[in-house]
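Okay, upload-v2.cif is below, mmCIF, C-alpha atoms and all ligand atoms:
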data_input
#
loop_
_atom_site.label_atom_id
_atom_site.label_comp_id
_atom_site.auth_asym_id
_atom_site.auth_seq_id
_atom_site.Cartn_x
_atom_site.Cartn_y
_atom_site.Cartn_z
CA MET Z 1 17.16 -7.98 -17.53
CA ILE Z 2 13.75 -6.99 -18.90
CA VAL Z 3 11.44 -9.70 -17.80
CA VAL Z 4 7.98 -8.19 -17.50
CA SER Z 5 5.64 -9.55 -20.14
CA LEU Z 6 3.07 -7.20 -21.58
CA ASP Z 7 0.53 -10.05 -21.76
CA MET Z 8 0.80 -10.35 -18.02
CA LEU Z 9 -0.38 -6.81 -17.54
CA MET Z 10 -3.25 -7.17 -19.98
CA ASN Z 11 -4.48 -10.62 -18.96
CA GLY Z 12 -4.25 -10.52 -15.20
CA ASP Z 13 -2.11 -12.30 -12.71
CA SER Z 14 -0.77 -15.82 -12.85
CA VAL Z 15 -0.76 -16.34 -9.13
CA ASN Z 16 1.23 -19.17 -7.64
CA GLU Z 17 1.24 -18.26 -3.99
CA GLN Z 18 2.14 -21.76 -2.79
CA ASN Z 19 5.64 -21.57 -4.22
CA LEU Z 20 6.58 -18.31 -2.58
CA ASP Z 21 9.68 -18.49 -0.53
CA ILE Z 22 9.08 -16.36 2.58
CA LYS Z 23 11.36 -15.59 5.51
CA VAL Z 24 9.91 -14.80 8.94
CA PRO Z 25 11.63 -11.71 10.33
CA GLU Z 26 13.06 -12.26 13.81
CA SER Z 27 12.02 -8.96 15.37
CA VAL Z 28 10.16 -6.12 13.70
CA LEU Z 29 9.34 -2.48 14.35
CA ILE Z 30 6.09 -1.33 12.75
CA THR Z 31 5.72 2.43 12.61
CA GLY Z 32 2.07 3.46 12.58
CA GLY Z 33 1.43 0.01 13.97
CA THR Z 34 -2.02 0.66 15.44
CA GLY Z 35 -3.79 1.28 12.10
CA SER Z 36 -5.88 -1.39 10.35
CA PHE Z 37 -2.87 -2.51 8.38
CA GLY Z 38 -0.50 -2.47 11.38
CA HIS Z 39 -2.95 -4.49 13.44
CA ARG Z 40 -3.19 -7.25 10.82
CA MET Z 41 0.56 -7.20 10.25
CA VAL Z 42 1.36 -7.56 13.97
CA ARG Z 43 -0.99 -10.51 14.25
CA HIS Z 44 0.51 -12.12 11.14
CA LEU Z 45 4.08 -11.71 12.39
CA LEU Z 46 3.28 -13.22 15.78
CA ASP Z 47 1.31 -16.10 14.22
CA THR Z 48 4.16 -16.95 11.87
CA GLY Z 49 6.81 -16.96 14.59
CA SER Z 50 8.43 -13.52 14.94
CA GLY Z 51 9.96 -13.29 18.39
CA ARG Z 52 9.27 -9.62 19.05
CA VAL Z 53 7.23 -6.81 17.55
CA HIS Z 54 7.68 -3.13 18.41
CA VAL Z 55 4.79 -0.79 17.69
CA LEU Z 56 5.56 2.92 17.35
CA SER Z 57 2.64 5.33 17.20
CA ARG Z 58 1.36 8.63 18.58
CA ASP Z 59 -1.96 7.61 20.07
CA GLU Z 60 -1.86 6.01 23.52
CA ALA Z 61 -5.58 5.16 23.46
CA LYS Z 62 -5.17 3.09 20.27
CA GLN Z 63 -2.13 1.36 21.77
CA ASP Z 64 -4.10 0.56 24.88
CA GLN Z 65 -6.92 -0.88 22.79
CA MET Z 66 -4.44 -3.00 20.83
CA ARG Z 67 -2.75 -4.22 24.04
CA HIS Z 68 -6.19 -5.28 25.20
CA ASP Z 69 -7.15 -6.93 21.87
CA LEU Z 70 -3.93 -8.83 21.23
CA GLY Z 71 -2.65 -9.41 24.79
CA ASP Z 72 0.72 -10.79 23.76
CA ASP Z 73 3.96 -10.28 25.72
CA ARG Z 74 6.01 -10.33 22.52
CA ILE Z 75 4.62 -6.88 21.59
CA ARG Z 76 6.31 -3.74 22.97
CA TYR Z 77 4.58 -0.40 22.56
CA PHE Z 78 6.43 2.89 22.02
CA ILE Z 79 4.77 6.27 22.12
CA GLY Z 80 6.50 8.57 19.66
CA ASP Z 81 6.34 10.19 16.26
CA VAL Z 82 8.35 9.56 13.11
CA ARG Z 83 9.01 13.31 13.08
CA ASP Z 84 10.93 12.92 16.33
CA TYR Z 85 14.22 11.14 15.54
CA ASP Z 86 14.98 10.18 19.15
CA SER Z 87 11.64 8.45 19.56
CA VAL Z 88 12.26 6.49 16.36
CA VAL Z 89 15.74 5.41 17.53
CA ALA Z 90 14.32 4.19 20.86
CA ALA Z 91 11.74 2.05 19.08
CA THR Z 92 14.26 0.75 16.51
CA ARG Z 93 16.82 -0.47 19.03
CA GLY Z 94 17.17 -4.26 18.94
CA VAL Z 95 14.99 -5.09 15.92
CA SER Z 96 16.15 -6.84 12.75
CA HIS Z 97 13.47 -5.41 10.44
CA VAL Z 98 11.39 -2.24 10.16
CA PHE Z 99 8.08 -1.90 8.41
CA HIS Z 100 7.33 1.79 7.95
CA ALA Z 101 3.57 2.35 7.70
CA ALA Z 102 3.21 5.64 9.64
CA ALA Z 103 1.89 8.32 7.29
CA LEU Z 104 -0.59 11.09 6.70
CA LYS Z 105 -2.66 9.26 4.14
CA GLN Z 106 -5.93 11.15 3.82
CA VAL Z 107 -6.02 13.03 0.54
CA PRO Z 108 -8.04 16.07 1.78
CA SER Z 109 -5.97 16.72 4.93
CA ALA Z 110 -2.71 16.59 2.96
CA GLU Z 111 -4.23 19.08 0.46
CA PHE Z 112 -5.02 21.55 3.23
CA PHE Z 113 -1.81 21.00 5.18
CA PRO Z 114 0.84 19.99 2.66
CA MET Z 115 3.75 20.85 4.97
CA GLN Z 116 2.34 18.47 7.56
CA ALA Z 117 2.44 15.74 4.90
CA VAL Z 118 6.04 16.71 4.06
CA LYS Z 119 7.01 16.49 7.75
CA THR Z 120 5.48 13.07 8.33
CA ASN Z 121 5.72 11.35 4.95
CA VAL Z 122 9.06 12.72 3.74
CA LEU Z 123 11.13 13.88 6.73
CA GLY Z 124 9.60 11.22 9.01
CA SER Z 125 10.57 8.53 6.51
CA GLN Z 126 14.10 9.88 6.40
CA ASN Z 127 14.23 9.60 10.21
CA VAL Z 128 13.09 5.99 10.06
CA ILE Z 129 15.77 5.10 7.49
CA ARG Z 130 18.53 6.99 9.34
CA ALA Z 131 17.62 5.35 12.66
CA ALA Z 132 17.59 1.90 11.03
CA GLU Z 133 21.05 2.43 9.55
CA ALA Z 134 22.37 3.77 12.87
CA GLU Z 135 20.99 0.76 14.75
CA GLY Z 136 22.24 -1.81 12.19
CA VAL Z 137 18.77 -2.98 11.09
CA GLU Z 138 18.84 -5.56 8.26
CA SER Z 139 15.94 -4.32 6.19
CA VAL Z 140 13.41 -1.48 6.06
CA VAL Z 141 10.25 -1.72 3.95
CA CYS Z 142 8.40 1.57 3.37
CA LEU Z 143 4.70 1.52 2.52
CA SER Z 144 3.73 3.55 -0.55
CA THR Z 145 0.66 3.85 -2.73
CA ASP Z 146 -0.37 3.98 -6.39
CA LYS Z 147 -1.24 7.62 -5.70
CA ALA Z 148 2.54 8.27 -5.70
CA VAL Z 149 2.63 7.54 -9.46
CA TYR Z 150 2.03 10.67 -11.58
CA PRO Z 151 0.70 12.28 -8.40
CA VAL Z 152 -1.97 14.95 -8.52
CA ASN Z 153 -2.46 15.49 -4.80
CA ALA Z 154 -0.13 16.35 -1.90
CA MET Z 155 -0.52 12.95 -0.29
CA GLY Z 156 0.68 11.22 -3.49
CA MET Z 157 3.42 13.79 -4.03
CA THR Z 158 4.88 13.28 -0.56
CA LYS Z 159 4.69 9.50 -0.93
CA ALA Z 160 6.53 9.84 -4.26
CA LEU Z 161 9.23 11.81 -2.46
CA MET Z 162 9.36 9.17 0.28
CA GLU Z 163 10.11 6.60 -2.44
CA LYS Z 164 12.93 8.81 -3.74
CA VAL Z 165 14.35 9.21 -0.21
CA ALA Z 166 14.23 5.42 0.22
CA GLN Z 167 16.09 4.89 -3.05
CA ALA Z 168 18.66 7.56 -2.27
CA HIS Z 169 19.77 5.64 0.84
CA GLY Z 170 21.65 3.04 -1.22
CA LEU Z 171 22.92 5.55 -3.76
CA GLU Z 172 24.35 7.80 -1.05
CA ASN Z 173 25.70 4.95 1.12
CA PRO Z 174 27.37 2.26 -1.00
CA ASN Z 175 28.37 0.41 2.20
CA ALA Z 176 25.00 0.73 3.89
CA ARG Z 177 24.17 -1.92 6.49
CA THR Z 178 20.42 -1.50 5.97
CA THR Z 179 18.57 -2.54 2.82
CA VAL Z 180 15.76 -0.09 2.12
CA SER Z 181 12.87 -0.95 -0.18
CA CYS Z 182 9.29 0.18 -0.84
CA VAL Z 183 6.02 -1.56 -1.52
CA ARG Z 184 3.29 0.12 -3.52
CA TYR Z 185 -0.37 -0.68 -2.89
CA GLY Z 186 -3.59 -0.06 -4.69
CA ASN Z 187 -6.83 0.33 -2.75
CA VAL Z 188 -6.98 -1.97 0.24
CA LEU Z 189 -10.55 -3.23 0.40
CA TYR Z 190 -12.39 -2.57 3.64
CA SER Z 191 -9.58 -0.47 5.13
CA ARG Z 192 -10.78 2.16 7.63
CA GLY Z 193 -12.80 4.94 5.97
CA SER Z 194 -12.69 3.35 2.51
CA VAL Z 195 -15.43 2.94 -0.03
CA VAL Z 196 -16.74 -0.61 0.56
CA PRO Z 197 -17.83 -0.13 4.20
CA LEU Z 198 -19.40 3.17 3.08
CA PHE Z 199 -21.36 1.51 0.25
CA ILE Z 200 -22.55 -1.26 2.62
CA ALA Z 201 -23.68 1.28 5.24
CA GLN Z 202 -25.61 3.26 2.59
CA LEU Z 203 -27.26 0.13 1.31
CA LYS Z 204 -28.27 -1.04 4.79
CA GLN Z 205 -29.88 2.34 5.43
CA GLY Z 206 -31.81 2.03 2.16
CA LYS Z 207 -30.00 5.07 0.72
CA PRO Z 208 -28.69 5.27 -2.85
CA ILE Z 209 -25.00 4.46 -3.22
CA THR Z 210 -22.96 7.59 -3.83
CA VAL Z 211 -20.66 6.99 -6.79
CA THR Z 212 -18.11 9.60 -7.86
CA ASP Z 213 -17.84 8.45 -11.49
CA PRO Z 214 -19.08 4.97 -12.47
CA ASN Z 215 -16.22 4.68 -14.99
CA MET Z 216 -13.47 5.47 -12.49
CA THR Z 217 -11.17 2.46 -12.03
CA ARG Z 218 -9.13 1.34 -9.02
CA PHE Z 219 -6.72 -1.52 -8.32
CA MET Z 220 -8.29 -3.62 -5.56
CA MET Z 221 -6.47 -5.76 -3.03
CA SER Z 222 -7.28 -7.39 0.30
CA LEU Z 223 -5.55 -6.64 3.59
CA ASP Z 224 -4.08 -10.17 3.56
CA GLN Z 225 -2.61 -9.61 0.10
CA SER Z 226 -1.02 -6.40 1.34
CA VAL Z 227 0.51 -8.21 4.34
CA ASP Z 228 1.92 -10.87 1.98
CA LEU Z 229 3.46 -8.16 -0.16
CA VAL Z 230 5.43 -6.76 2.81
CA THR Z 231 6.58 -10.20 3.91
CA TYR Z 232 7.70 -10.87 0.34
CA ALA Z 233 9.64 -7.61 0.27
CA PHE Z 234 11.40 -8.44 3.57
CA THR Z 235 12.54 -11.73 2.07
CA HIS Z 236 13.61 -10.60 -1.38
CA ALA Z 237 14.56 -6.92 -1.25
CA GLU Z 238 17.81 -5.64 -2.61
CA GLN Z 239 18.92 -2.07 -2.02
CA GLY Z 240 16.44 0.44 -3.48
CA ASP Z 241 13.90 -2.10 -4.77
CA LEU Z 242 10.22 -1.35 -5.19
CA PHE Z 243 7.70 -4.22 -4.96
CA ILE Z 244 4.28 -4.15 -6.57
CA ARG Z 245 1.65 -6.84 -6.30
CA LYS Z 246 -0.17 -7.65 -9.51
CA VAL Z 247 -3.81 -7.03 -8.80
CA ARG Z 248 -6.87 -6.58 -10.93
CA ALA Z 249 -8.91 -3.43 -11.23
CA CYS Z 250 -12.64 -2.70 -11.36
CA THR Z 251 -14.82 0.28 -12.10
CA VAL Z 252 -16.49 2.02 -9.17
CA GLY Z 253 -19.83 1.46 -10.91
CA ASP Z 254 -19.23 -2.32 -10.99
CA LEU Z 255 -18.11 -2.22 -7.37
CA ALA Z 256 -21.40 -0.56 -6.37
CA THR Z 257 -23.37 -3.11 -8.42
CA ALA Z 258 -21.42 -5.99 -6.87
CA VAL Z 259 -22.17 -4.76 -3.33
CA SER Z 260 -25.88 -4.29 -4.19
CA GLU Z 261 -26.15 -7.77 -5.70
CA LEU Z 262 -24.43 -9.40 -2.72
CA PHE Z 263 -26.99 -7.77 -0.41
CA GLU Z 264 -29.75 -8.69 -2.90
CA GLN Z 265 -30.84 -5.09 -3.28
CA PRO Z 266 -31.63 -3.18 -6.49
CA THR Z 267 -28.67 -1.08 -7.64
CA LYS Z 268 -29.55 2.56 -6.90
CA LEU Z 269 -26.70 4.92 -7.70
CA LYS Z 270 -26.33 8.61 -7.04
CA VAL Z 271 -23.49 10.06 -9.12
CA ILE Z 272 -21.73 12.76 -7.07
CA GLY Z 273 -18.81 13.55 -9.38
CA THR Z 274 -15.04 13.27 -9.02
CA ARG Z 275 -13.77 14.54 -5.67
CA HIS Z 276 -10.94 17.04 -5.40
CA GLY Z 277 -7.53 15.43 -5.97
CA GLU Z 278 -8.89 12.23 -7.56
CA LYS Z 279 -7.79 10.68 -10.85
CA LEU Z 280 -10.01 8.73 -13.23
CA SER Z 281 -7.55 5.84 -13.12
CA GLU Z 282 -4.50 4.99 -10.99
CA GLN Z 283 -1.11 3.70 -12.07
CA LEU Z 284 0.80 1.08 -10.07
CA ALA Z 285 3.95 1.44 -12.18
CA THR Z 286 5.25 3.72 -14.91
CA ARG Z 287 6.56 2.32 -18.18
CA GLU Z 288 10.03 3.48 -17.19
CA GLU Z 289 9.81 1.41 -13.99
CA LEU Z 290 8.53 -1.64 -15.87
CA ALA Z 291 11.54 -1.41 -18.17
CA ARG Z 292 13.78 -2.18 -15.17
CA ALA Z 293 11.48 -4.65 -13.43
CA PHE Z 294 11.71 -8.38 -12.80
CA ASP Z 295 8.57 -10.45 -13.02
CA HIS Z 296 8.14 -12.67 -9.94
CA ASP Z 297 4.75 -14.19 -10.93
CA THR Z 298 2.62 -12.53 -8.27
CA TYR Z 299 4.86 -9.48 -7.90
CA PHE Z 300 7.00 -7.08 -9.84
CA ARG Z 301 10.38 -6.22 -8.41
CA VAL Z 302 11.38 -2.84 -9.81
CA THR Z 303 15.10 -2.37 -9.36
CA ALA Z 304 16.57 0.96 -8.30
CA ASP Z 305 17.56 3.51 -10.88
CA LYS Z 306 21.32 3.22 -10.42
CA ARG Z 307 22.43 5.96 -12.82
CA GLN Z 308 25.17 8.09 -11.37
CA LEU Z 309 24.84 11.82 -11.03
CA ASN Z 310 26.37 12.42 -14.44
CA TYR Z 311 24.57 15.15 -16.31
CA LYS Z 312 25.97 14.20 -19.68
CA ALA Z 313 24.46 10.73 -19.37
CA PHE Z 314 21.20 12.21 -18.11
CA PHE Z 315 20.78 14.56 -21.03
CA GLU Z 316 22.29 12.68 -23.93
CA GLN Z 317 21.49 9.02 -23.31
CA GLY Z 318 18.06 7.49 -23.19
CA GLN Z 319 16.65 4.01 -22.91
CA LYS Z 320 14.93 2.58 -25.97
CA GLU Z 321 13.25 -0.24 -23.97
CA VAL Z 322 11.01 2.30 -22.24
CA SER Z 323 9.05 2.81 -25.47
CA VAL Z 324 8.09 -0.87 -25.50
CA TYR Z 325 6.07 -0.57 -22.29
CA ASP Z 326 2.83 1.03 -21.26
CA ASP Z 327 2.12 2.27 -17.76
CA TYR Z 328 0.50 -0.31 -15.47
CA ASP Z 329 -2.80 1.55 -15.38
CA SER Z 330 -6.13 0.51 -13.81
CA HIS Z 331 -7.95 1.53 -17.01
CA THR Z 332 -5.97 -0.75 -19.33
CA SER Z 333 -4.86 -3.62 -17.07
CA SER Z 334 -6.86 -6.75 -16.35
CA ARG Z 335 -10.38 -5.74 -15.27
CA MET Z 336 -12.76 -7.68 -13.00
CA ASN Z 337 -16.41 -7.86 -14.03
CA VAL Z 338 -19.26 -7.66 -11.50
CA ASP Z 339 -19.20 -11.41 -10.71
CA GLU Z 340 -15.44 -11.42 -10.20
CA THR Z 341 -15.71 -8.34 -7.97
CA LYS Z 342 -18.38 -10.14 -5.90
CA GLU Z 343 -16.05 -13.10 -5.55
CA LEU Z 344 -13.24 -10.87 -4.29
CA LEU Z 345 -15.60 -9.15 -1.84
CA LEU Z 346 -16.80 -12.52 -0.55
CA SER Z 347 -13.22 -13.48 0.25
CA LEU Z 348 -13.18 -10.73 2.91
CA PRO Z 349 -14.23 -11.89 6.40
CA GLU Z 350 -15.64 -8.39 7.11
CA VAL Z 351 -18.03 -8.61 4.13
CA ARG Z 352 -19.11 -12.14 5.08
CA ARG Z 353 -19.87 -10.94 8.61
CA GLU Z 354 -21.92 -8.03 7.23
CA LEU Z 355 -23.88 -10.42 5.00
CA GLU Z 356 -24.61 -12.79 7.89
CA GLY Z 357 -25.88 -9.88 9.99
CA TRP Z 358 -28.00 -8.68 7.07
CA ALA Z 359 -29.51 -12.15 6.50
CA ALA Z 360 -30.34 -12.50 10.22
CA ARG Z 361 -32.07 -9.12 10.54
O1 LIG Z 401 -18.71 7.96 -1.77
C1 LIG Z 401 -17.79 7.52 -2.49
C2 LIG Z 401 -16.44 7.42 -2.05
C3 LIG Z 401 -15.49 6.94 -2.94
N1 LIG Z 401 -15.83 6.56 -4.19
C4 LIG Z 401 -14.81 6.03 -5.13
O2 LIG Z 401 -14.31 4.82 -4.66
C5 LIG Z 401 -12.94 4.65 -5.02
C6 LIG Z 401 -12.14 4.34 -3.79
O3 LIG Z 401 -12.27 5.41 -2.85
P1 LIG Z 401 -11.65 5.34 -1.37
O4 LIG Z 401 -11.92 4.01 -0.76
O5 LIG Z 401 -12.07 6.57 -0.65
O6 LIG Z 401 -10.08 5.32 -1.66
P2 LIG Z 401 -9.12 6.36 -2.36
O7 LIG Z 401 -9.59 7.75 -2.27
O8 LIG Z 401 -8.86 5.84 -3.75
O9 LIG Z 401 -7.81 6.25 -1.44
C7 LIG Z 401 -7.47 5.08 -0.71
O10 LIG Z 401 -6.63 4.26 -1.43
C8 LIG Z 401 -5.31 4.77 -1.66
C9 LIG Z 401 -4.58 3.81 -2.54
O11 LIG Z 401 -4.96 4.07 -3.87
C10 LIG Z 401 -4.62 5.03 -0.33
O12 LIG Z 401 -3.36 5.58 -0.57
C11 LIG Z 401 -5.47 6.00 0.45
O13 LIG Z 401 -4.85 6.21 1.69
C12 LIG Z 401 -6.86 5.45 0.63
O14 LIG Z 401 -7.68 6.37 1.31
C13 LIG Z 401 -12.52 5.96 -5.70
O15 LIG Z 401 -12.54 5.77 -7.08
C14 LIG Z 401 -13.60 6.95 -5.29
O16 LIG Z 401 -13.86 7.93 -6.27
C15 LIG Z 401 -17.15 6.61 -4.62
O17 LIG Z 401 -17.47 6.28 -5.75
N2 LIG Z 401 -18.08 7.11 -3.74
#

Translate the structure of the given file into structure tokens.
Amino acid sequence: MIVVSLDMLMNGDSVNEQNLDIKVPESVLITGGTGSFGHRMVRHLLDTGSGRVHVLSRDEAKQDQMRHDLGDDRIRYFIGDVRDYDSVVAATRGVSHVFHAAALKQVPSAEFFPMQAVKTNVLGSQNVIRAAEAEGVESVVCLSTDKAVYPVNAMGMTKALMEKVAQAHGLENPNARTTVSCVRYGNVLYSRGSVVPLFIAQLKQGKPITVTDPNMTRFMMSLDQSVDLVTYAFTHAEQGDLFIRKVRACTVGDLATAVSELFEQPTKLKVIGTRHGEKLSEQLATREELARAFDHDTYFRVTADKRQLNYKAFFEQGQKEVSVYDDYDSHTSSRMNVDETKELLLSLPEVRRELEGWAAR
């Protein structure tokens, strides 16, 4: 049962993407479908042959923009909110799969308004799962984050609870029609408001790059890798599973150096210090999760904790295997150096476009 090798965590991924067996979902609802992730996911699903995509979100202007950008009759737009069960049911009707991306994901706003994060990230997720079960959906994949592991901020805490709610679905409903799973991401490079576009903007303006702590580490992945992770989860999920993509980490200092070198500028850093609610490193999986994980080359499939609610077993029986593992932590896992970070950045079309514009100035 225990199939994760420790070498794998220390030495980086052994990617074999070509051999991945992937199923194209027939019809999909994407909650929060107008965000940068949703946008890419919708395009991917339509390109790979999904017959219909429903987009549920709150903002009609963003939906209008997306309708204009993508112009495809296979997309249906639903105005609604995951907090409002009826609006979720309406958007869920007739789809085979749900990808749940709607969330409050900004760390500072969740710190100030934790109950708002509870309403969207926890109760909203419960609505999505309940509606899927009621409508006979095959599979729901919920989007989580490494910030849900040993969380220190309200955003991570509510995402951790969302994962528990997702797992509870199978435990509470042994005959459930809907398979519910989660995927956990690290930092998605170049996502809206994230650090790489900020560093590039600072550099282009000739300003020093603001670095919180040069030794802080983060797991880095591209938007395309995150889309692949969801598609993989749709194909392989069993009740209560959690999927994690093996990715490499880098220090924020190396990331800033990599961006400067790509733009052929001297590295000028201004250290601003750790922001509120930030950790020095992130964890993609705990050692307890790794002790019940399967290693699928590019991914880990962490199976659900299927212990029954039996207090005797909880208090008196442990699991010796747990001691064999370390957390999957961005400080101790495979680390990219500056050149490898540059290579990853160059694989992003957004960075290549920025570099072309910079060269032509
Ligand atoms: O001016 C800045 C801004 C950020 N950072 C650092 O850059 C890294 C990445 O920061 P950022 O891109 O803002 O991402 P995070 O705060 O790590 O959070 C993002 O990544 C998470 C996954 O880990 C998602 O859950 C969140 O929604 C998403 O905002 C962190 O180490 C920051 O400390 C700097 O050094 N200087």

| field | Close residues, stretch 334-347 of chain Z itself excluded, 12 Å, all atoms listed in the file, min 5 positions apart in chain, as JSON, numbers by chain | value | {"Z": [6, 7, 8, 9, 10, 11, 12, 13, 14, 188, 189, 190, 196, 197, 200, 215, 216, 217, 218, 219, 220, 221, 222, 223, 224, 225, 246, 247, 248, 249, 250, 251, 252, 253, 254, 255, 256, 257, 258, 259, 260, 261, 262, 263, 264, 328, 329, 352, 353, 354, 355, 356]}

| field | Shortest interatomic distance to Z:Lys207 - which of Z:Lys23, Z:Arg52, Z:Lys119, Z:Lys270, counting all atoms listed in the file | value |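 Once distances to Z:Lys207 are computed over all atoms listed in the file, the minimum belongs to Z:Lys270.
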
| request: Do a neighbour search on Z:Leu123 at 12 Å with all atoms listed in the file, toss out local chain neighbours closer than 3 positions, and write the hits as a PyMOL selection string. | output: chain Z and resi 81-85+102-103+115-120+126-130+158-159+161-166

| said: Under the rule that only C-alpha atoms and all ligand atoms are counted, which of Z:Val195, Z:Ala285, Z:Leu280, Z:Ala360 is the nearest residue to ligand LIG 401 (chain Z)? | reply: Z:Val195

| message | Which residues are near ligand LIG 401 (chain Z) - at most 7 Å, using all atoms listed in the file? Format: as a PyMOL selection string. | response | chain Z and resi 105-107+145-147+185-188+193-196+198+210-213+216-218+252+274-275+278

| said: With distances taken over all atoms listed in the file, which residue among Z:Val24, Z:Leu143, Z:Leu284, Z:Leu171 lies nearest Z:Ser96? | reply: Z:Val24

| task | Find the residues near Z:Arg287: any atom within 6 Å, counting all atoms listed in the file, skip ones fewer than 5 places away on the same chain, and give them as a list in words. | result | Tyr325, Asp326 and Asp327 of chain Z

| message | Residues proximal to (1.8, -12.6, 20.7) were defined as those with any atom within 6 Å of that point in the file's coordinates, counting all atoms listed in the file. Which are they, as a list in words? | response |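 Every residue inside that radius is included here: Leu46, Asp72, Asp73 and Arg74 of chain Z.
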
| task | Please measure the separation of atom CA of Z:Gly156 and atom CA of Z:Gly277, giving the value in Å to one decimal. | result | 9.6 Å

| Which of these, Z:Ala90, Z:Ser330, Z:Pro25, Z:Met157, has the shortest distance to Z:Asn121 once you count only C-alpha atoms? | Z:Met157

| task | State, in Å with one decimal place, the distance from atom CA of Z:Gly94 to atom CA of Z:Arg245. | result | 29.7 Å

| note | As a check of understanding: the span from atom CA of Z:Glu26 to atom CA of Z:Ser50 is 4.9 Å
